[in-house]
Amino acid sequence: MINSKLQISNCYNINQLRLESWNSLKLESSKLGENSKGSAEEKKQVEKVKKILSKLESIESYFALPGIHRLGLLFEMIVRQEYTAFAHKISEITKLLVSDKYRSNPNALEDEDLKIDQLEDIDKYDGKGKNYFEVLFVEDISLQEENKLRSDLKEVCTSSDQFNYGVVVQKTFEDAMIALKFNSNIQAVVIRYAPPYKSKKITPVLKPFVQSILDLDVNSKSEIRLGPVLGRLVKKFRPEIDTYYVTDTSLANLKDNTLKTFDRIFYRAEDVQELHLTILRGIYKRYETPFFSALKEYSKKPTGVFHAMPISRGNSVFKSRWINDFGNFYGRNMFLAETSSTKGGLDSLLQPTGTLKTAQKMASKAYGSLNTFFVTNGTSTSNKIVVQALVKPGDIVLIDRDCHKSHHYGLVLSGAYPVYLDSYPIEKYSMYGAVPLQQIKDKLLQLKEAGRMQLAKMLLLTNCTFDGFVYNVERVMEEILAIKPDMIFLWDEAWFAFAGFTYNYKQRTGMYVADKLSKKYKTEKYRIEYEEHIKGLKKGEVSKLPDPDKVRIRVYSTQSTHKTLSSFRQGSMIHIWDQDFRKKTQNTFMEAYMTHTSTSPNYQILASLDAGRRQVQFEGYELVEKSIELAMVFRAKVNDHPKLKKYFDVLTVGDFIPKEYRSSGLSEYYNPKTGWNRMDKAWEADEFVLDPTKITIHIGRTGVDGDTFKNKYLMDQFNIQINKTSRNTVLLMTNIGTTRGSITYLTNALLKIADELDREELSLTTEENKIHQAKINSLTQDFPPLPDFSYFHHSFQAVPGVPGGNIREAFTLAYSEENYEFVPLSECRPTMEGGRTLVASSFIIPYPPGFPVLVPGQVVSEEIIHFLTVLDVTEIHGYSPELGLRVFKDSVLNRQQTVTSMGSNRKKNLIDKK
């Protein structure tokens with residue numbers, strides 16, 4: 001609401017402000033007519049309504065529906081004192097906006113007279129109408145010309161058109177950018193000539209939400225080029241949108257970058273119908289789902305199955321007396337789509353030539369890669385494919401120790417030597433942060449000093465982490481490429497598939513940065529910058545900029561599409577931006593892909609990846625922004641509510657990221673006194689940022705540990721599923737499927753839990769209260785230290801004294817039961833104090849979060865033993881509490897050390913001879 005109770009700073013984004021403003025208008029308009037006509041009270045209420053309408057006017061000018069024109073009609077109703085009808089219409093419009101039903105049937109708001117019966121009919125609408133979108137026209141034209149444009153476009157629309165669209169006209173460069181930021185319905189932009197730069201519509205209401213646009217570094221004095229500049233910015237901020245340019249400049253005078261920027265260029269004399277058809281065609285091209293559509297068509301065909309899979313067509317299910325309930329549960333279409341066929345419009349995942357090949361190309365364009373591959377058995381498999389494809393036995397991989405277990409197993413398969421990197425610890429909350437850039441550089445320089453730089457092939461980092469820590473991808477890549485210009489980067493973006501569809505997040509993705517740096521290093525401007533940088537270096541100082549003559553951009557991203565976007569479980573993608581892919585990697589990549597990809601992939605998963613791509617190209621921007629908004633609203637609710645604050649803290653940037661990694665100074669997203677802090681600058685500059693959709697709640701003051709809180713309260717009482725727990729935290733996340741209702745349900749559940757905790761606390765006896773306070777103290781004051789990676793035992797070091805371990809050799813050595821034994825956890829410390837070195841013979845992986853505490857060949861430290869004894873998760877892969885830790889026998893280590901020393905001497909002799 002825009003009143004004394006609602007300050008603008010308490011709204012995270014313009015869409016929240018917009019909806020709350022309409023709700024406020026609905027409330028205030030319902031009070032019209034309560035007082036006698038002409039009375040002071042009535043005049044006061046009318047002024048209050050007009051004030052809200054005026055504020056809405058500045059927002060609605062960027063939307064086609066309801067739009068500025070309809071607000072004008074509403075103002076006229078107030079002037080005519082039609083208060084009852086006005087209140088009714090406001091109520092119906094608000095209902096349509098909140099429910100989004102107007103987008104299924106925009107005609108409900110299209111009638112200039114705003115007919116109430118038409119608005120009411122929307123509730124009966126079945127939602128099967130044409131999809132609706134909006135087209136942004138950018139040109140400084142009069143209202144009369146604007147109306148003529150709308151009329152001309154309406155004339156060429158026909159009932160056979162597959163889609164409906166509305167028209168938004170903006171007259172300036174800034175207003176066009178604001179419309180793109182505010183209005184997720186915009187799916188096409190038509191820039192007509194060169195618009196003026198400055199907006200005249202930015203009110204105090206809008207300013208907090210458009211500051212990033214006002215700060216754009218654009219040469220606004222050169223207005224003749226603002227059309228192409230705007231086109232390039234549209235592609236930068238919302239690349240999924242179709243862009244068209246209307247100009248009088250002859251083809252001979254159009255620059256190449258202008259021609260490449262736009263999907264099509266028109267001239268004023270050309271028919272408006274051609275523009276209309278081009279707009280619809282652009283939408284249709286994105287709307288296509290080649291494989292999903294082919295699978296639907298295939299399922300309709302009558303077929304005779306004389307091949308594998310009795311379940312195909314549902315024949316073995318629906319005719320069964322014993323499992324037909326299985327078929328009824330999933331529905332007939334699921335079984336009609338079950339097939340092993342690669343013909344009839346379908347395709348082979350292992351060697352696609354048709355619909356799957358097209359679907360992967362469309363995904364590649366949507367995600368900004370040069371190549372994209374679908375994977376049907378999860379990102380665990382995607383990770384193994386990439387690692388096995390790019391590194392061979394003896395190569396070195398710099399890898400964060402707390403990455404997903406699949407990477408460690410990938411190193412076992414490939415035979416590469418890991419150089420483990422430690423994330424900074426956050427002991428207060430029993431979790432790890434991310435790997436500081438300086439540590440990565442130090443390890444790389446150690447390898448260089450040891451003469452092993454040429455073997456360092458890959459840097460592997462998790463972005464973003466389970467808990468939401470996001471790297472400054474551009475800075476990491478640039479400074480590492482300055483040391484080793486051919487380094488390959490693998491960014492595990494399992495939890496970050498959604499990030500490419502909103503600008504702040506996109507800047508920290510592998511594909512976006514790869515494309516950006518590739519273009520940057522080819523420019524003369526960068527070459528001059530590099531030469532000046534080299535001249536300014538002091539003796540012994542390491543360059544932070546790559547040599548443009550040597551640098552190669554080779555970036556891979558693996559994404560768990562199913563985790564944050566619409567896909568069936570195990571749907572994953574590998575995105576590649578590797579300028580040497582065809583020359584150096586394609587053959588080995590395809591071999592690795594063949595190694596791990598089933599010859600019988602699940603077609604439903606593939607179809608879901610295809611359909612999910614369509615969704616993010618049309619709705620990605622809106623849905624991702626909404627998931628961020630809901631996360632922010634929830635954070636604010638917990639911070640503001642006295643009952644929730646008593647037991648729960650939503651942890652934020654300052655809790656997780658040390659000051660030295662936050663050059664922006666941003667420490668929190670929301671403060672009850674000052675409202676929202678914009679995160680734009682932090683996401684541009686800071687070494688690490690926190691993804692706000694990953695919500696970590698500190699529960700230490702409840703006296704209940706994370707695992708108990710998850711099971712006893714959230715799951716058992718409210719059936720609320722969460723991501724992970726630590727000793728004193730629970731991790732939740734919002735995603736594109738999160739609704740306002742689910743956030744409300746979560747908030748209500750926490751309030752009920754707080755009430756229950758209050759009741760439990762009041763019922764405690766004096767002795768019970770002492771025990772309870774001790775638990776609280778343990779969870780809020782006693783912080784067990786988090787162990788770093790210790791080191792590889794000498795027997796398994798690639799080269800003694802140099803980072804890198806032979807994890808594959810340690811792993812395979814444990815194939816024989818004679819080589820290892822079990823030591824109970826309680827006996828580990830006394831054994832170590834007695835002088836024995838314990839060396840792990842297996843992976844020890846708590847789940848969640850799914851990264852190893854110990855890997856084969858690693859020396860067991862006291863810190864690791866202590867950590868395992870206080871760990872609160874019940875699922876630890878590779879560890880049996882009944883048996884204890886599995887470690888190598890001393891006799892095996894002694895034998896192995898002798899073999900390793902002999903091998904190292906041979907290697908040294910070869911190096912010396914060279």
# chains A, B, ... in the order shown; residues from 1 in each chain; ligands from 1

call {"tool": "residues_around", "arguments": {"residues": "Ala269 in chain A", "least_positions_apart": "5", "cutoff": "12 Å", "atoms": "only C-alpha atoms", "output": "PyMOL selection string"}}
result
chain A and resi 246-248+274-275

call {"tool": "write_last_selection", "arguments": {"atoms": "N, CA and C atoms", "output": "PDB file, in the first residue's frame"}}
result
ATOM      1  N   VAL A 246      13.835   0.271 -37.236  1.00  0.00           N
ATOM      2  CA  VAL A 246      13.223   0.995 -38.349  1.00  0.00           C
ATOM      3  C   VAL A 246      14.074   2.232 -38.606  1.00  0.00           C
ATOM      4  N   THR A 247      14.556   2.393 -39.838  1.00  0.00           N
ATOM      5  CA  THR A 247      15.497   3.471 -40.136  1.00  0.00           C
ATOM      6  C   THR A 247      15.309   3.958 -41.564  1.00  0.00           C
ATOM      7  N   ASP A 248      15.898   5.108 -41.851  1.00  0.00           N
ATOM      8  CA  ASP A 248      15.964   5.613 -43.226  1.00  0.00           C
ATOM      9  C   ASP A 248      17.380   5.515 -43.772  1.00  0.00           C
ATOM     10  N   GLU A 274       3.959  -6.392 -42.638  1.00  0.00           N
ATOM     11  CA  GLU A 274       5.222  -7.138 -42.656  1.00  0.00           C
ATOM     12  C   GLU A 274       5.877  -7.134 -41.278  1.00  0.00           C
ATOM     13  N   LEU A 275       5.789  -5.979 -40.613  1.00  0.00           N
ATOM     14  CA  LEU A 275       6.322  -5.871 -39.254  1.00  0.00           C
ATOM     15  C   LEU A 275       5.544  -6.786 -38.311  1.00  0.00           C
TER      16      LEU A 275
END

call {"tool": "residues_around", "arguments": {"residues": "Glu684 in chain A", "least_positions_apart": "2", "cutoff": "9 Å", "atoms": "only C-alpha atoms", "output": "PyMOL selection string"}}
result
chain A and resi 472+504+507-508+664+679-682+686

call {"tool": "select_by_dssp", "arguments": {"residues": "range 458-668 of chain A", "states": "helix (DSSP H, G or I)", "output": "PyMOL selection string"}}
result
chain A and resi 473-483+497-501+503-506+510-520+524-536+561-564+581-596+603-640+642-647+653-656+659-661

call {"tool": "atom_distance", "arguments": {"atom1": "CA of Leu350 in chain A", "atom2": "CA of Pro601 in chain A"}}
result
9.1 Å

call {"tool": "residues_around", "arguments": {"residues": "Ser54 in chain A", "least_positions_apart": "5", "cutoff": "12 Å", "atoms": "only C-alpha atoms", "output": "compact mmCIF listing (two decimals) with C-alpha atoms, in the first residue's frame"}}
result
# COMPACT_ATOMS: atom_id res chain seq x y z
CA ILE A 2 1.15 3.53 -0.67
CA SER A 21 -0.43 -0.04 -4.91
CA TRP A 22 -3.38 -1.59 -6.75
CA LEU A 25 -6.27 1.60 -4.36
CA GLU A 47 -7.78 13.10 -2.72
CA LYS A 48 -6.27 9.99 -1.18
CA VAL A 49 -7.55 7.89 -4.10
CA ILE A 59 4.29 2.88 -13.10
CA GLU A 60 1.54 1.89 -15.55
CA SER A 61 3.05 4.01 -18.32
CA ILE A 68 -1.85 4.59 -18.88
CA LEU A 71 -5.93 4.98 -15.82
CA GLY A 72 -7.12 8.09 -17.63
CA LEU A 74 -10.54 5.78 -14.18
CA PHE A 75 -9.60 9.39 -13.39
CA THR A 203 9.32 10.46 -10.32
CA VAL A 205 8.40 6.85 -6.66

call {"tool": "closest_residue", "arguments": {"among": "A:Met77, A:Leu444, A:Phe373, A:Ser382", "to": "Val802 in chain A", "atoms": "only C-alpha atoms"}}
result
A:Leu444

call {"tool": "atom_distance", "arguments": {"atom1": "CA of Pro418 in chain A", "atom2": "CA of Pro852 in chain A"}}
result
13.1 Å

call {"tool": "atom_distance", "arguments": {"atom1": "CA of Arg80 in chain A", "atom2": "CA of Lys50 in chain A"}}
result
13.2 Å

call {"tool": "closest_residue", "arguments": {"among": "A:Phe783, A:Phe888, A:Tyr556, A:Phe137", "to": "Gly368 in chain A", "atoms": "only C-alpha atoms"}}
result
A:Tyr556

call {"tool": "closest_residue", "arguments": {"among": "A:Ile178, A:Val624, A:Leu644, A:Val229", "to": "Asp755 in chain A", "atoms": "only C-alpha atoms"}}
result
A:Leu644

call {"tool": "closest_residue", "arguments": {"among": "A:Val168, A:Leu226, A:Ile213, A:Leu565", "to": "Arg613 in chain A", "atoms": "only C-alpha atoms"}}
result
A:Leu565

call {"tool": "residues_around", "arguments": {"residues": "Arg635 in chain A", "least_positions_apart": "4", "cutoff": "10 Å", "atoms": "only C-alpha atoms", "output": "number ranges by chain"}}
result
A: 629-631, 639-640, 649-652, 669-671, 692-693, 695-697

call {"tool": "write_last_selection", "arguments": {"atoms": "all heavy atoms", "output": "compact mmCIF listing (two decimals), in the first residue's frame"}}
result
# COMPACT_ATOMS: atom_id res chain seq x y z
N GLU A 629 12.37 -11.84 -5.57
CA GLU A 629 11.48 -10.97 -4.80
C GLU A 629 10.88 -11.72 -3.61
O GLU A 629 10.86 -11.21 -2.48
CB GLU A 629 10.35 -10.47 -5.71
CG GLU A 629 9.29 -9.65 -4.98
CD GLU A 629 8.01 -9.50 -5.78
OE1 GLU A 629 8.06 -9.54 -7.03
OE2 GLU A 629 6.95 -9.34 -5.15
N LEU A 630 10.40 -12.95 -3.84
CA LEU A 630 9.78 -13.71 -2.76
C LEU A 630 10.79 -14.04 -1.66
O LEU A 630 10.46 -14.02 -0.48
CB LEU A 630 9.16 -15.00 -3.31
CG LEU A 630 7.93 -14.81 -4.21
CD1 LEU A 630 7.48 -16.13 -4.81
CD2 LEU A 630 6.78 -14.16 -3.45
N ALA A 631 12.03 -14.33 -2.07
CA ALA A 631 13.07 -14.58 -1.07
C ALA A 631 13.33 -13.34 -0.24
O ALA A 631 13.49 -13.41 0.99
CB ALA A 631 14.36 -15.03 -1.77
N ASN A 639 12.87 -10.62 9.62
CA ASN A 639 13.59 -9.54 10.29
C ASN A 639 12.67 -8.57 11.03
O ASN A 639 13.04 -8.00 12.05
CB ASN A 639 14.42 -8.75 9.27
CG ASN A 639 15.72 -9.44 8.93
OD1 ASN A 639 16.27 -10.17 9.75
ND2 ASN A 639 16.21 -9.23 7.73
N ASP A 640 11.47 -8.37 10.49
CA ASP A 640 10.55 -7.37 11.04
C ASP A 640 9.64 -7.91 12.13
O ASP A 640 9.08 -7.16 12.92
CB ASP A 640 9.67 -6.78 9.92
CG ASP A 640 10.43 -5.86 8.99
OD1 ASP A 640 11.56 -5.45 9.37
OD2 ASP A 640 9.94 -5.55 7.90
N ASP A 649 17.02 -16.16 12.85
CA ASP A 649 17.75 -15.10 12.14
C ASP A 649 17.94 -15.56 10.70
O ASP A 649 18.46 -16.66 10.46
CB ASP A 649 19.14 -14.86 12.74
CG ASP A 649 19.06 -14.30 14.15
OD1 ASP A 649 18.32 -13.33 14.34
OD2 ASP A 649 19.75 -14.83 15.04
N VAL A 650 17.52 -14.73 9.75
CA VAL A 650 17.86 -15.02 8.36
C VAL A 650 19.26 -14.45 8.12
O VAL A 650 19.46 -13.24 8.17
CB VAL A 650 16.84 -14.40 7.38
CG1 VAL A 650 17.30 -14.64 5.94
CG2 VAL A 650 15.47 -15.01 7.59
N LEU A 651 20.20 -15.33 7.87
CA LEU A 651 21.59 -14.89 7.71
C LEU A 651 21.78 -14.23 6.36
O LEU A 651 21.16 -14.59 5.37
CB LEU A 651 22.53 -16.09 7.86
CG LEU A 651 22.39 -16.84 9.20
CD1 LEU A 651 23.36 -18.01 9.26
CD2 LEU A 651 22.62 -15.92 10.39
N THR A 652 22.67 -13.24 6.34
CA THR A 652 22.83 -12.48 5.11
C THR A 652 24.31 -12.26 4.82
O THR A 652 25.19 -12.90 5.41
CB THR A 652 22.03 -11.17 5.18
OG1 THR A 652 22.04 -10.53 3.90
CG2 THR A 652 22.58 -10.23 6.23
N TYR A 669 20.92 -7.26 2.73
CA TYR A 669 20.00 -6.87 1.67
C TYR A 669 18.88 -5.99 2.21
O TYR A 669 18.33 -5.17 1.48
CB TYR A 669 19.40 -8.11 1.01
CG TYR A 669 20.40 -8.91 0.20
CD1 TYR A 669 20.58 -10.27 0.42
CD2 TYR A 669 21.18 -8.29 -0.77
CE1 TYR A 669 21.49 -10.99 -0.32
CE2 TYR A 669 22.10 -8.99 -1.51
CZ TYR A 669 22.25 -10.35 -1.28
OH TYR A 669 23.17 -11.05 -2.02
N TYR A 670 18.54 -6.19 3.48
CA TYR A 670 17.38 -5.47 4.03
C TYR A 670 17.65 -5.09 5.47
O TYR A 670 18.20 -5.86 6.25
CB TYR A 670 16.13 -6.35 3.95
CG TYR A 670 14.92 -5.74 4.62
CD1 TYR A 670 14.16 -4.77 3.98
CD2 TYR A 670 14.56 -6.12 5.92
CE1 TYR A 670 13.06 -4.20 4.61
CE2 TYR A 670 13.46 -5.56 6.54
CZ TYR A 670 12.72 -4.60 5.89
OH TYR A 670 11.63 -4.04 6.50
N ASN A 671 17.27 -3.86 5.80
CA ASN A 671 17.34 -3.39 7.17
C ASN A 671 15.99 -2.80 7.55
O ASN A 671 15.44 -1.99 6.80
CB ASN A 671 18.44 -2.32 7.29
CG ASN A 671 18.61 -1.83 8.71
OD1 ASN A 671 17.75 -1.15 9.26
ND2 ASN A 671 19.75 -2.17 9.31
N PRO A 692 20.48 -14.41 -2.90
CA PRO A 692 19.42 -14.27 -1.89
C PRO A 692 18.35 -15.35 -1.94
O PRO A 692 17.60 -15.51 -0.98
CB PRO A 692 18.82 -12.89 -2.21
CG PRO A 692 19.23 -12.59 -3.60
CD PRO A 692 20.53 -13.29 -3.84
N THR A 693 18.27 -16.11 -3.04
CA THR A 693 17.26 -17.17 -3.09
C THR A 693 17.65 -18.37 -2.23
O THR A 693 16.83 -19.25 -1.99
CB THR A 693 17.00 -17.66 -4.53
OG1 THR A 693 18.15 -18.34 -5.04
CG2 THR A 693 16.66 -16.49 -5.44
N ILE A 695 18.25 -19.28 1.33
CA ILE A 695 17.89 -18.64 2.60
C ILE A 695 18.34 -19.53 3.75
O ILE A 695 17.76 -20.59 3.99
CB ILE A 695 16.36 -18.39 2.68
CG1 ILE A 695 15.88 -17.59 1.46
CG2 ILE A 695 16.01 -17.67 3.97
CD1 ILE A 695 14.39 -17.62 1.26
N THR A 696 19.37 -19.09 4.45
CA THR A 696 19.87 -19.84 5.60
C THR A 696 19.31 -19.22 6.88
O THR A 696 19.52 -18.02 7.13
CB THR A 696 21.40 -19.84 5.65
OG1 THR A 696 21.91 -20.42 4.44
CG2 THR A 696 21.92 -20.63 6.84
N ILE A 697 18.60 -20.02 7.66
CA ILE A 697 18.00 -19.54 8.91
C ILE A 697 18.78 -20.11 10.09
O ILE A 697 18.90 -21.33 10.22
CB ILE A 697 16.52 -19.95 9.01
CG1 ILE A 697 15.73 -19.42 7.81
CG2 ILE A 697 15.91 -19.43 10.30
CD1 ILE A 697 14.27 -19.82 7.81
